[in-house]
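Novice: Sharing a structure below in structure tokens format, with a few things to ask.
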Amino acid sequence: MSKCVFICPIGIIASDIIDRLMACVEERCGINCEIYPPMETPRYAYDDRRFQYDSKMILKQMIKQCPPHNLGFMGVTALDLFVPILKYVYGLSQLDGRCSLISTYRLDPALYGEPPDSDLLMSRIGKTAIHELGHSFGLTHCRNPRCIMFASTKIEHTDFKQPTLCSTCLEVLKWKIKMM
Ligand SMILES: [Zn+2]
Ligand SMILES: [Zn+2]
């Protein structure tokens with residue numbers, strides 16, 4: 001059996017988002033994805049002063065539960081995530097590890113007062129997921145603002161990126177996967 005990336009829904013999240021995300025990663029990275037049994041809302045990570053969830057605490061839990069023999073273990077949540085030094089994060093990953101986590105919360109056009117747009121939402125989710133997967137495969141940030149591995153600190157950065165890795169990052173990714 002070929003290795004795959006396990007996608008694990010965390011808390012309440014629409015199943016069509018998960019389905020479309022898996023198709024996107026398979027198509028753009030050539031990596032097989034499989035769905036993993038969902039995890040409950042991580043109440044242990046809730047910060048009642050920030051009304052957000054501590055992404056590092058959730059990632060730590062995922063590392064503990066990471067299934068063996070896989071290319072990656074990615075949590076997908078609709079909860080708003082933060083790390084203590086930042087206002088929010090779109091995602092987080094173990095550099096050169098296998099676990100990563102993304103949030104759809106700040107990718108939703110509705111949060112910015114824009115009309116619902118599921119294609120734009122999915123485009124942002126796909127970019128964010130591939131970015132974090134890239135980190136988990138050992139890729140660092142890219143200086144090319146059109147590359148998925150460019151660091152997004154605001155949504156405009158994410159929207160400016162192309163939906164793929166630049167040719168350099170893609171080569172590194174393929175090499176890293178071969179090494180696993
Ligand atoms: Zn990054
Ligand atoms: Zn790049």
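Simple scheme: letters A, B, ... for chains in structure tokens order, numbers from 1 for residues in each chain, numbers from 1 for ligands in the order shown.
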Give as a list in words the residues surrounding ligand 2 up to a distance of 6 Å, considering only C-alpha atoms and all ligand atoms.

Specialist: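 Residues lying within 6 Å of ligand 2: Cys142, Asn144, Cys147, Met149, Leu165, Cys166, Thr168 and Cys169 of chain A.
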
Novice: Skipping near chain neighbours, those fewer than 6 positions away, what residues fall within 9 Å of Ala78 (chain A) using only C-alpha atoms, listed as a list in words?

Specialist: Ile10, Gly11, Ile12, Ile13, Ala14, Ile102, Ser103, Thr104, Tyr105 and Arg106 of chain A

Novice: From a backbone DSSP assignment, name each residue in region 7-180 of chain A labelled strand (DSSP E or B), as JSON, numbers by chain.

Specialist: {"A": [7, 8, 9, 10, 33, 34, 35, 39, 46, 47, 52, 53, 54, 72, 73, 74, 75, 76, 77, 81, 82, 89, 91, 92, 93, 99, 100, 101, 102, 103]}

Novice: For chain A versus ligand 1, which residues have an atom no more than 7 Å away, and what is each residue's nearest atom pair and distance in Å rounded to one decimal, using only C-alpha atoms and all ligand atoms, chain-then-number order, as CSV?

Specialist:
residue,atom,partner,partner_atom_place_in_ligand_line,distance
A:His131,CA,ligand 1,1 (Zn),6.2
A:Glu132,CA,ligand 1,1 (Zn),6.3
A:His135,CA,ligand 1,1 (Zn),6.6
A:His141,CA,ligand 1,1 (Zn),5.9
A:Met149,CA,ligand 1,1 (Zn),6.4
A:Phe150,CA,ligand 1,1 (Zn),6.9
A:Ala151,CA,ligand 1,1 (Zn),4.9

Novice: I need the residues from that last selection saved to file as a PDB file, in the first residue's frame (with C-alpha atoms), if you can.

Specialist:
ATOM      1  CA  HIS A 131       1.839  25.400   2.570  1.00  0.00           C
ATOM      2  CA  GLU A 132       1.639  23.584   5.908  1.00  0.00           C
ATOM      3  CA  HIS A 135       6.639  22.666   6.111  1.00  0.00           C
ATOM      4  CA  HIS A 141       9.512  29.845   3.421  1.00  0.00           C
ATOM      5  CA  MET A 149       5.596  28.523   0.439  1.00  0.00           C
ATOM      6  CA  PHE A 150       5.642  32.332   0.753  1.00  0.00           C
ATOM      7  CA  ALA A 151       4.674  33.293   4.344  1.00  0.00           C
TER       8      ALA A 151
END

Novice: I'd like the neighbourhood of region 95-97 of chain A as a PyMOL selection string, where a residue qualifies if any of its atoms comes within 9 Å (using only C-alpha atoms), though same-chain residues fewer than 2 positions away should be ignored.

Specialist: chain A and resi 63+72+93+99-100+132+134-140

Novice: Could you take the residues named above and write them with C-alpha atoms, as a JSON list (two decimals), in the first residue's frame?

Specialist:
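In the end it all went to result.json:
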[["chain", "number", "residue", "atom", "x", "y", "z"],
["A", 63, "ILE", "CA", 1.72, 14.38, 17.50],
["A", 72, "GLY", "CA", 1.52, 13.24, 6.96],
["A", 93, "SER", "CA", 3.16, 22.40, 11.43],
["A", 99, "CYS", "CA", 1.85, 16.65, 11.81],
["A", 100, "SER", "CA", 0.19, 19.85, 10.70],
["A", 132, "GLU", "CA", 1.64, 23.58, 5.91],
["A", 134, "GLY", "CA", 5.30, 21.72, 2.66],
["A", 135, "HIS", "CA", 6.64, 22.67, 6.11],
["A", 136, "SER", "CA", 5.93, 19.20, 7.45],
["A", 137, "PHE", "CA", 8.03, 17.83, 4.57],
["A", 138, "GLY", "CA", 10.85, 20.18, 5.61],
["A", 139, "LEU", "CA", 10.29, 23.08, 3.19],
["A", 140, "THR", "CA", 10.99, 26.54, 4.60]]

Novice: Report, in Å with one decimal, the straight-line distance from CA of Cys29 (chain A) to CA of Ile125 (chain A).

Specialist: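 Computing the Euclidean distance for CA of Cys29 (chain A) and CA of Ile125 (chain A) yields 14.4 Å.
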
Novice: Check chain A with DSSP on the backbone and list each residue it calls helix (DSSP H, G or I), as a PyMOL selection string.

Specialist: chain A and resi 15-29+43-45+55-65+105-107+109-112+118-136+155-160+167-179

Novice: Rank nothing, just name the residue among A:Leu107, A:Leu173, A:Met180, A:Leu79 nearest to Thr158 (chain A), using only C-alpha atoms.

Specialist: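 Nearest candidate to Thr158 (chain A) out of A:Leu107, A:Leu173, A:Met180, A:Leu79: A:Leu107.
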
Novice: Neighbouring residues of region 45-54 of chain A were defined as those with any atom within 6 Å, considering only C-alpha atoms; residues of the same chain fewer than 4 positions away were excluded. Please report them as a list in words.

Specialist: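 After dropping sequence-adjacent residues, the list is Asp80, Leu81, Phe82 and Val83 of chain A.
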
Novice: Residues within 12 Å of Gly30 (chain A), please, as a PyMOL selection string. Count only C-alpha atoms; anything in the same chain fewer than 5 positions from it doesn't count.

Specialist: chain A and resi 2-5+22-25+71+130+164+170+173-174+177

Novice: For the residues selected in the previous step, produce a file with N, CA and C atoms as a JSON list (two decimals), in the first residue's frame.

Specialist:
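New file result-v5.json:
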[["chain", "number", "residue", "atom", "x", "y", "z"],
["A", 2, "SER", "N", 0.57, 2.20, -0.87],
["A", 2, "SER", "CA", 1.38, 3.41, -0.90],
["A", 2, "SER", "C", 1.01, 4.31, 0.28],
["A", 3, "LYS", "N", 1.98, 5.08, 0.72],
["A", 3, "LYS", "CA", 1.76, 5.95, 1.86],
["A", 3, "LYS", "C", 0.87, 7.13, 1.48],
["A", 4, "CYS", "N", 0.19, 7.66, 2.48],
["A", 4, "CYS", "CA", -0.73, 8.76, 2.20],
["A", 4, "CYS", "C", -0.64, 9.81, 3.30],
["A", 5, "VAL", "N", -1.32, 10.91, 3.06],
["A", 5, "VAL", "CA", -1.51, 11.92, 4.10],
["A", 5, "VAL", "C", -2.90, 11.69, 4.69],
["A", 22, "MET", "N", -9.05, 17.23, 0.05],
["A", 22, "MET", "CA", -8.29, 16.02, -0.27],
["A", 22, "MET", "C", -8.05, 15.92, -1.78],
["A", 23, "ALA", "N", -9.07, 16.24, -2.56],
["A", 23, "ALA", "CA", -8.92, 16.20, -4.03],
["A", 23, "ALA", "C", -7.87, 17.21, -4.48],
["A", 24, "CYS", "N", -7.85, 18.36, -3.85],
["A", 24, "CYS", "CA", -6.90, 19.43, -4.20],
["A", 24, "CYS", "C", -5.46, 19.00, -3.92],
["A", 25, "VAL", "N", -5.21, 18.44, -2.75],
["A", 25, "VAL", "CA", -3.84, 18.00, -2.40],
["A", 25, "VAL", "C", -3.39, 16.88, -3.33],
["A", 71, "LEU", "N", 2.63, 9.66, 5.26],
["A", 71, "LEU", "CA", 3.41, 10.81, 4.79],
["A", 71, "LEU", "C", 3.09, 12.05, 5.61],
["A", 130, "ILE", "N", -1.48, 23.10, 1.52],
["A", 130, "ILE", "CA", -0.25, 22.70, 0.82],
["A", 130, "ILE", "C", 0.96, 23.42, 1.44],
["A", 164, "THR", "N", -0.04, 26.74, -6.66],
["A", 164, "THR", "CA", 0.97, 25.68, -6.67],
["A", 164, "THR", "C", 2.28, 26.17, -6.05],
["A", 170, "LEU", "N", 8.81, 22.84, -5.65],
["A", 170, "LEU", "CA", 8.21, 21.57, -6.07],
["A", 170, "LEU", "C", 9.26, 20.47, -6.20],
["A", 173, "LEU", "N", 10.14, 19.39, -2.73],
["A", 173, "LEU", "CA", 9.06, 18.57, -2.18],
["A", 173, "LEU", "C", 9.13, 17.13, -2.71],
["A", 174, "LYS", "N", 9.30, 17.00, -4.01],
["A", 174, "LYS", "CA", 9.34, 15.66, -4.62],
["A", 174, "LYS", "C", 10.52, 14.86, -4.07],
["A", 177, "ILE", "N", 9.74, 13.75, -0.49],
["A", 177, "ILE", "CA", 8.78, 12.64, -0.46],
["A", 177, "ILE", "C", 9.50, 11.33, -0.80]]
